[in-house]
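Novice: Provided below: start-v6.cif, containing mmCIF, C-alpha atoms.
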```cif
data_input
loop_
_atom_site.group_PDB
_atom_site.id
_atom_site.type_symbol
_atom_site.label_atom_id
_atom_site.label_comp_id
_atom_site.auth_asym_id
_atom_site.auth_seq_id
_atom_site.Cartn_x
_atom_site.Cartn_y
_atom_site.Cartn_z
ATOM 1 C CA MET A 15 -31.786 -18.156 -129.159
ATOM 2 C CA ILE A 16 -34.262 -16.186 -127.040
ATOM 3 C CA THR A 17 -32.932 -14.552 -123.910
ATOM 4 C CA ILE A 18 -35.279 -13.704 -121.043
ATOM 5 C CA VAL A 19 -33.628 -10.871 -119.125
ATOM 6 C CA ASP A 20 -33.339 -11.940 -115.495
ATOM 7 C CA PHE A 21 -33.752 -9.334 -112.748
ATOM 8 C CA GLY A 22 -33.921 -11.966 -110.037
ATOM 9 C CA ASP A 23 -37.696 -11.684 -109.658
ATOM 10 C CA ILE A 24 -40.336 -14.355 -110.070
ATOM 11 C CA ASN A 25 -41.695 -12.975 -113.345
ATOM 12 C CA SER A 26 -38.615 -14.106 -115.317
ATOM 13 C CA LYS A 27 -39.183 -17.653 -114.073
ATOM 14 C CA GLU A 28 -42.916 -17.521 -114.868
ATOM 15 C CA VAL A 29 -42.237 -16.383 -118.438
ATOM 16 C CA ALA A 30 -39.594 -19.122 -118.834
ATOM 17 C CA GLU A 31 -41.989 -21.784 -117.567
ATOM 18 C CA VAL A 32 -44.623 -20.849 -120.163
ATOM 19 C CA LEU A 33 -42.035 -20.411 -122.924
ATOM 20 C CA SER A 34 -40.804 -23.947 -122.272
ATOM 21 C CA ARG A 35 -44.157 -25.196 -123.607
ATOM 22 C CA LEU A 36 -43.289 -23.645 -126.980
ATOM 23 C CA THR A 37 -39.535 -24.030 -127.402
ATOM 24 C CA ASN A 38 -36.357 -25.137 -125.672
ATOM 25 C CA ASN A 39 -34.335 -22.535 -127.567
ATOM 26 C CA TYR A 40 -34.181 -19.993 -124.733
ATOM 27 C CA ILE A 41 -32.167 -19.032 -121.682
ATOM 28 C CA VAL A 42 -32.825 -16.880 -118.621
ATOM 29 C CA SER A 43 -29.828 -14.639 -118.097
ATOM 30 C CA SER A 44 -28.473 -11.522 -116.448
ATOM 31 C CA ASN A 45 -25.234 -11.844 -118.427
ATOM 32 C CA GLU A 46 -24.469 -8.904 -120.721
ATOM 33 C CA ALA A 47 -22.735 -11.062 -123.372
ATOM 34 C CA GLU A 48 -25.586 -13.588 -123.513
ATOM 35 C CA ILE A 49 -28.110 -10.806 -123.947
ATOM 36 C CA CYS A 50 -26.052 -9.313 -126.781
ATOM 37 C CA ARG A 51 -25.825 -12.706 -128.527
ATOM 38 C CA ALA A 52 -29.578 -13.320 -128.350
ATOM 39 C CA ASP A 53 -31.675 -13.420 -131.513
ATOM 40 C CA LYS A 54 -34.699 -12.190 -129.584
ATOM 41 C CA ILE A 55 -35.091 -10.658 -126.139
ATOM 42 C CA ILE A 56 -37.938 -10.845 -123.645
ATOM 43 C CA PHE A 57 -37.875 -8.106 -121.049
ATOM 44 C CA PRO A 58 -40.245 -9.120 -118.228
ATOM 45 C CA GLY A 59 -41.151 -6.956 -115.307
ATOM 46 C CA ALA A 60 -42.394 -7.220 -111.772
ATOM 47 C CA ASP A 61 -41.298 -5.386 -108.618
ATOM 48 C CA SER A 62 -41.108 -1.553 -108.789
ATOM 49 C CA ALA A 63 -39.773 0.730 -111.509
ATOM 50 C CA LYS A 64 -37.143 2.092 -109.112
ATOM 51 C CA ASN A 65 -35.784 -1.368 -108.270
ATOM 52 C CA VAL A 66 -35.749 -2.536 -111.898
ATOM 53 C CA MET A 67 -33.973 0.609 -113.131
ATOM 54 C CA LYS A 68 -31.445 0.213 -110.305
ATOM 55 C CA LYS A 69 -30.772 -3.377 -111.416
ATOM 56 C CA ILE A 70 -30.475 -2.266 -115.056
ATOM 57 C CA HIS A 71 -27.704 0.146 -114.097
ATOM 58 C CA LEU A 72 -25.992 -2.285 -111.695
ATOM 59 C CA LEU A 73 -25.950 -5.013 -114.344
ATOM 60 C CA ASN A 74 -24.758 -2.562 -117.020
ATOM 61 C CA PHE A 75 -27.857 -3.199 -119.133
ATOM 62 C CA PHE A 76 -28.787 0.398 -119.914
ATOM 63 C CA SER A 77 -26.541 0.834 -122.965
ATOM 64 C CA VAL A 78 -26.861 -2.824 -123.978
ATOM 65 C CA LEU A 79 -30.654 -2.742 -124.203
ATOM 66 C CA ARG A 80 -30.605 0.529 -126.135
ATOM 67 C CA ILE A 81 -27.962 -0.696 -128.604
ATOM 68 C CA ILE A 82 -29.613 -4.022 -129.483
ATOM 69 C CA ILE A 83 -33.019 -2.620 -130.395
ATOM 70 C CA ASP A 84 -32.473 -3.804 -133.975
ATOM 71 C CA LYS A 85 -33.412 -7.274 -132.648
ATOM 72 C CA PRO A 86 -36.985 -8.284 -131.797
ATOM 73 C CA MET A 87 -37.647 -7.336 -128.182
ATOM 74 C CA LEU A 88 -40.782 -7.900 -126.108
ATOM 75 C CA GLY A 89 -41.418 -5.938 -122.916
ATOM 76 C CA ILE A 90 -44.008 -7.423 -120.556
ATOM 77 C CA GLY A 91 -45.888 -5.470 -117.871
ATOM 78 C CA LEU A 92 -43.408 -3.260 -116.034
ATOM 79 C CA GLY A 93 -40.881 -4.310 -118.700
ATOM 80 C CA MET A 94 -42.932 -2.408 -121.281
ATOM 81 C CA GLN A 95 -43.121 0.657 -119.016
ATOM 82 C CA ILE A 96 -39.345 0.623 -118.430
ATOM 83 C CA MET A 97 -38.865 0.623 -122.229
ATOM 84 C CA CYS A 98 -40.623 4.042 -122.372
ATOM 85 C CA GLU A 99 -38.994 7.456 -121.896
ATOM 86 C CA HIS A 100 -40.170 8.218 -118.380
ATOM 87 C CA THR A 101 -42.328 6.875 -115.572
ATOM 88 C CA SER A 102 -44.014 8.900 -112.863
ATOM 89 C CA GLU A 103 -43.473 5.907 -110.560
ATOM 90 C CA GLY A 104 -40.488 7.342 -108.720
ATOM 91 C CA ASN A 105 -40.116 10.101 -111.362
ATOM 92 C CA LEU A 106 -37.558 8.093 -113.331
ATOM 93 C CA SER A 107 -35.969 8.376 -116.755
ATOM 94 C CA CYS A 108 -36.215 4.978 -118.422
ATOM 95 C CA LEU A 109 -34.744 3.290 -121.512
ATOM 96 C CA GLY A 110 -36.402 5.578 -124.055
ATOM 97 C CA ILE A 111 -37.039 2.853 -126.637
ATOM 98 C CA PHE A 112 -40.718 3.836 -126.843
ATOM 99 C CA PRO A 113 -41.837 7.477 -126.710
ATOM 100 C CA GLY A 114 -44.166 8.466 -123.912
ATOM 101 C CA ASN A 115 -44.501 8.991 -120.190
ATOM 102 C CA VAL A 116 -46.030 6.346 -117.926
ATOM 103 C CA VAL A 117 -48.525 7.766 -115.417
ATOM 104 C CA LYS A 118 -50.656 6.482 -112.536
ATOM 105 C CA PHE A 119 -54.371 5.798 -112.693
ATOM 106 C CA GLU A 120 -55.929 8.722 -110.814
ATOM 107 C CA ASN A 121 -59.472 9.496 -109.687
ATOM 108 C CA SER A 122 -60.428 5.889 -110.246
ATOM 109 C CA GLU A 123 -63.985 4.836 -109.434
ATOM 110 C CA GLN A 124 -62.641 2.000 -107.280
ATOM 111 C CA ASN A 125 -58.860 1.976 -106.859
ATOM 112 C CA ALA A 126 -55.675 2.614 -108.761
ATOM 113 C CA VAL A 127 -54.983 -1.046 -109.525
ATOM 114 C CA HIS A 128 -56.170 -2.591 -112.785
ATOM 115 C CA LYS A 129 -56.184 -6.324 -112.131
ATOM 116 C CA GLY A 130 -57.705 -9.318 -113.878
ATOM 117 C CA PHE A 131 -58.699 -10.265 -117.402
ATOM 118 C CA ASP A 132 -59.681 -7.452 -119.742
ATOM 119 C CA LYS A 133 -60.255 -6.944 -123.457
ATOM 120 C CA VAL A 134 -57.449 -5.858 -125.778
ATOM 121 C CA GLU A 135 -58.768 -3.948 -128.809
ATOM 122 C CA LEU A 136 -56.499 -3.751 -131.842
ATOM 123 C CA VAL A 137 -56.165 -0.364 -133.543
ATOM 124 C CA LYS A 138 -53.417 -1.428 -135.994
ATOM 125 C CA ASP A 139 -52.201 -4.692 -137.492
ATOM 126 C CA CYS A 140 -49.495 -6.417 -135.482
ATOM 127 C CA PRO A 141 -47.669 -9.705 -136.095
ATOM 128 C CA LEU A 142 -47.980 -10.584 -132.396
ATOM 129 C CA PHE A 143 -51.749 -10.949 -132.893
ATOM 130 C CA LYS A 144 -51.743 -13.328 -135.862
ATOM 131 C CA ASP A 145 -54.653 -15.767 -135.375
ATOM 132 C CA ILE A 146 -55.720 -14.058 -132.127
ATOM 133 C CA PRO A 147 -59.279 -12.670 -132.239
ATOM 134 C CA ASP A 148 -59.705 -8.935 -131.686
ATOM 135 C CA LYS A 149 -60.898 -7.994 -128.193
ATOM 136 C CA SER A 150 -59.487 -11.163 -126.668
ATOM 137 C CA GLY A 151 -59.061 -11.123 -122.897
ATOM 138 C CA PHE A 152 -55.571 -10.913 -121.378
ATOM 139 C CA TYR A 153 -54.484 -10.762 -117.746
ATOM 140 C CA PHE A 154 -53.503 -7.330 -116.358
ATOM 141 C CA HIS A 155 -52.046 -6.283 -113.012
ATOM 142 C CA HIS A 156 -50.813 -2.680 -112.915
ATOM 143 C CA SER A 157 -51.505 0.747 -111.439
ATOM 144 C CA TYR A 158 -49.473 2.797 -113.963
ATOM 145 C CA TYR A 159 -50.220 3.068 -117.668
ATOM 146 C CA LEU A 160 -48.983 4.484 -120.947
ATOM 147 C CA PRO A 161 -51.438 6.903 -122.603
ATOM 148 C CA LEU A 162 -52.463 6.338 -126.231
ATOM 149 C CA SER A 163 -49.989 7.496 -128.884
ATOM 150 C CA ASP A 164 -49.124 7.087 -132.565
ATOM 151 C CA TYR A 165 -47.249 3.902 -131.611
ATOM 152 C CA THR A 166 -50.254 2.314 -129.889
ATOM 153 C CA ILE A 167 -51.128 -1.022 -131.519
ATOM 154 C CA ALA A 168 -53.919 -2.006 -129.139
ATOM 155 C CA LYS A 169 -55.811 -0.305 -126.360
ATOM 156 C CA SER A 170 -57.690 -1.311 -123.236
ATOM 157 C CA LYS A 171 -59.788 0.548 -120.706
ATOM 158 C CA LYS A 172 -59.959 0.935 -116.935
ATOM 159 C CA ASP A 173 -63.086 2.757 -115.815
ATOM 160 C CA LYS A 174 -63.145 5.709 -118.270
ATOM 161 C CA VAL A 175 -59.422 5.741 -119.012
ATOM 162 C CA GLU A 176 -58.237 4.260 -122.315
ATOM 163 C CA PHE A 177 -54.582 3.266 -122.305
ATOM 164 C CA THR A 178 -51.975 1.571 -124.468
ATOM 165 C CA SER A 179 -52.067 -2.175 -123.905
ATOM 166 C CA VAL A 180 -49.732 -2.943 -126.846
ATOM 167 C CA ILE A 181 -47.084 -0.698 -128.378
ATOM 168 C CA GLN A 182 -44.704 -1.262 -131.275
ATOM 169 C CA LYS A 183 -41.746 0.661 -132.655
ATOM 170 C CA ASN A 184 -39.834 -1.143 -135.393
ATOM 171 C CA LEU A 185 -38.972 -4.596 -133.979
ATOM 172 C CA CYS A 186 -39.635 -3.591 -130.369
ATOM 173 C CA PHE A 187 -42.958 -4.545 -128.810
ATOM 174 C CA GLY A 188 -44.459 -3.890 -125.409
ATOM 175 C CA VAL A 189 -47.525 -5.453 -123.806
ATOM 176 C CA GLN A 190 -49.019 -4.062 -120.610
ATOM 177 C CA PHE A 191 -50.697 -7.379 -119.834
ATOM 178 C CA HIS A 192 -49.017 -10.664 -118.878
ATOM 179 C CA PRO A 193 -49.241 -13.225 -121.702
ATOM 180 C CA GLU A 194 -47.671 -15.846 -119.433
ATOM 181 C CA LYS A 195 -50.790 -15.603 -117.215
ATOM 182 C CA SER A 196 -53.344 -15.255 -120.032
ATOM 183 C CA GLY A 197 -53.987 -18.853 -121.030
ATOM 184 C CA GLU A 198 -54.141 -19.948 -124.658
ATOM 185 C CA VAL A 199 -54.211 -16.447 -126.180
ATOM 186 C CA GLY A 200 -51.129 -15.506 -124.194
ATOM 187 C CA LEU A 201 -49.386 -18.663 -125.334
ATOM 188 C CA LYS A 202 -50.295 -17.840 -128.953
ATOM 189 C CA LEU A 203 -48.909 -14.317 -128.607
ATOM 190 C CA LEU A 204 -45.594 -15.679 -127.300
ATOM 191 C CA GLU A 205 -45.541 -18.228 -130.139
ATOM 192 C CA ASN A 206 -46.042 -15.394 -132.648
ATOM 193 C CA PHE A 207 -43.123 -13.513 -131.079
ATOM 194 C CA ILE A 208 -40.916 -16.615 -131.347
ATOM 195 C CA LYS A 209 -41.788 -16.921 -135.045
ATOM 196 C CA LEU A 210 -40.972 -13.286 -135.925
#
```
Represent the structure from my file as structure tokens, please.
Specialist:
Amino acid sequence: MITIVDFGDINSKEVAEVLSRLTNNYIVSSNEAEICRADKIIFPGADSAKNVMKKIHLLNFFSVLRIIIDKPMLGIGLGMQIMCEHTSEGNLSCLGIFPGNVVKFENSEQNAVHKGFDKVELVKDCPLFKDIPDKSGFYFHHSYYLPLSDYTIAKSKKDKVEFTSVIQKNLCFGVQFHPEKSGEVGLKLLENFIKL
């Protein structure tokens, strides 16, 4: 069973809608017990880091999500950022599953928002990208990013800034883009996660 963690925002529903094209073995839940029983966890993210971290504490997810990291977990968008150690968005300590500090795009040639389809360049092998061509285009919408690190699996670029678009530590994965909005390649990535 796959559990999509529900923060009450639209992104959980969008991920569920796309996942339903691949499997019916999933639930959308904000129930601690159901999350613990899951075989795999999808941790979506919209809204702001402050609001999501507040919900994590209110729903008693902080310890739960840190304890169950021996199960495959996929963080999407803000979900990936919340899985890191710290974000400068609100100067918040996060879950600490991935090392690194999330920072804002500064001194951008246009603006601080990176939005639209962009290439994802693999720097290491990753089971999420089985049968997905390197430098495929995925849909991004974010103004904060995780710098490159030893755990970076794939990178992308906004103006002159290279950033982590995919990260992996053990069975935990994070993608800065939104596979649920990325067409066939996004669907394939979610299928690969299901098959882990």
Novice: Could you check which of A:Asn184, A:Ser34, A:Ser102, A:Ser150 is closest to Glu198 in chain A, using all atoms listed in the file?
Specialist: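 Of all the options, A:Ser150 lies closest to Glu198 in chain A.
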Novice: What do you get, as a PyMOL selection string, if you spell out every residue that the PyMOL selection byres ((chain A and resi 152) around 9) selects here?
Specialist: chain A and resi 130-134+150-151+153-154+191-193+195-197+199-200
Novice: So that I can check the surroundings of range 158-174 of chain A, please list as a list in words every protein, DNA and RNA residue that reaches within 7 Å of it, counting all atoms listed in the file and ignoring chain neighbours fewer than 2 positions away.
Specialist: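 My list of contacting residues is Gly114, Asn115, Val116, Val117, Lys118, Phe119, Ser122, Glu123, His128, Lys133, Val134, Glu135, Leu136, Val137, Lys138, Cys140, His156, Glu176, Phe177, Thr178, Ser179, Val180, Ile181, Gln182 and Lys183 of chain A.
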Novice: Find the residues near range 92-101 of chain A: any atom within 6 Å, counting only C-alpha atoms, skip ones fewer than 2 places away on the same chain, and give them as a PyMOL selection string.
Specialist: chain A and resi 57-60+89-90+103+105-116+188
Novice: I need the residue nearest Asn206 in chain A from this list: A:Ala126, A:Val175, A:Met15, A:Leu88. Use all atoms listed in the file for the distance.
Specialist: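 Residue with the minimum atom-to-atom distance to Asn206 in chain A: A:Leu88.
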Novice: Given the choices A:Asp61, A:Ile16, A:Arg51, A:Lys149, which gets closest to Asn39 in chain A if the distance is worked out from all atoms listed in the file?
Specialist: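 Answer, going by the shortest atom-to-atom distance: A:Ile16.
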Novice: Please list, as a PyMOL selection string, the residues that have an atom at most 8 Å away from (-40.3, -8.5, -132.4) in the coordinates of this file, counting all atoms listed in the file.
Specialist: chain A and resi 54+85-88+142+184-187+207+210
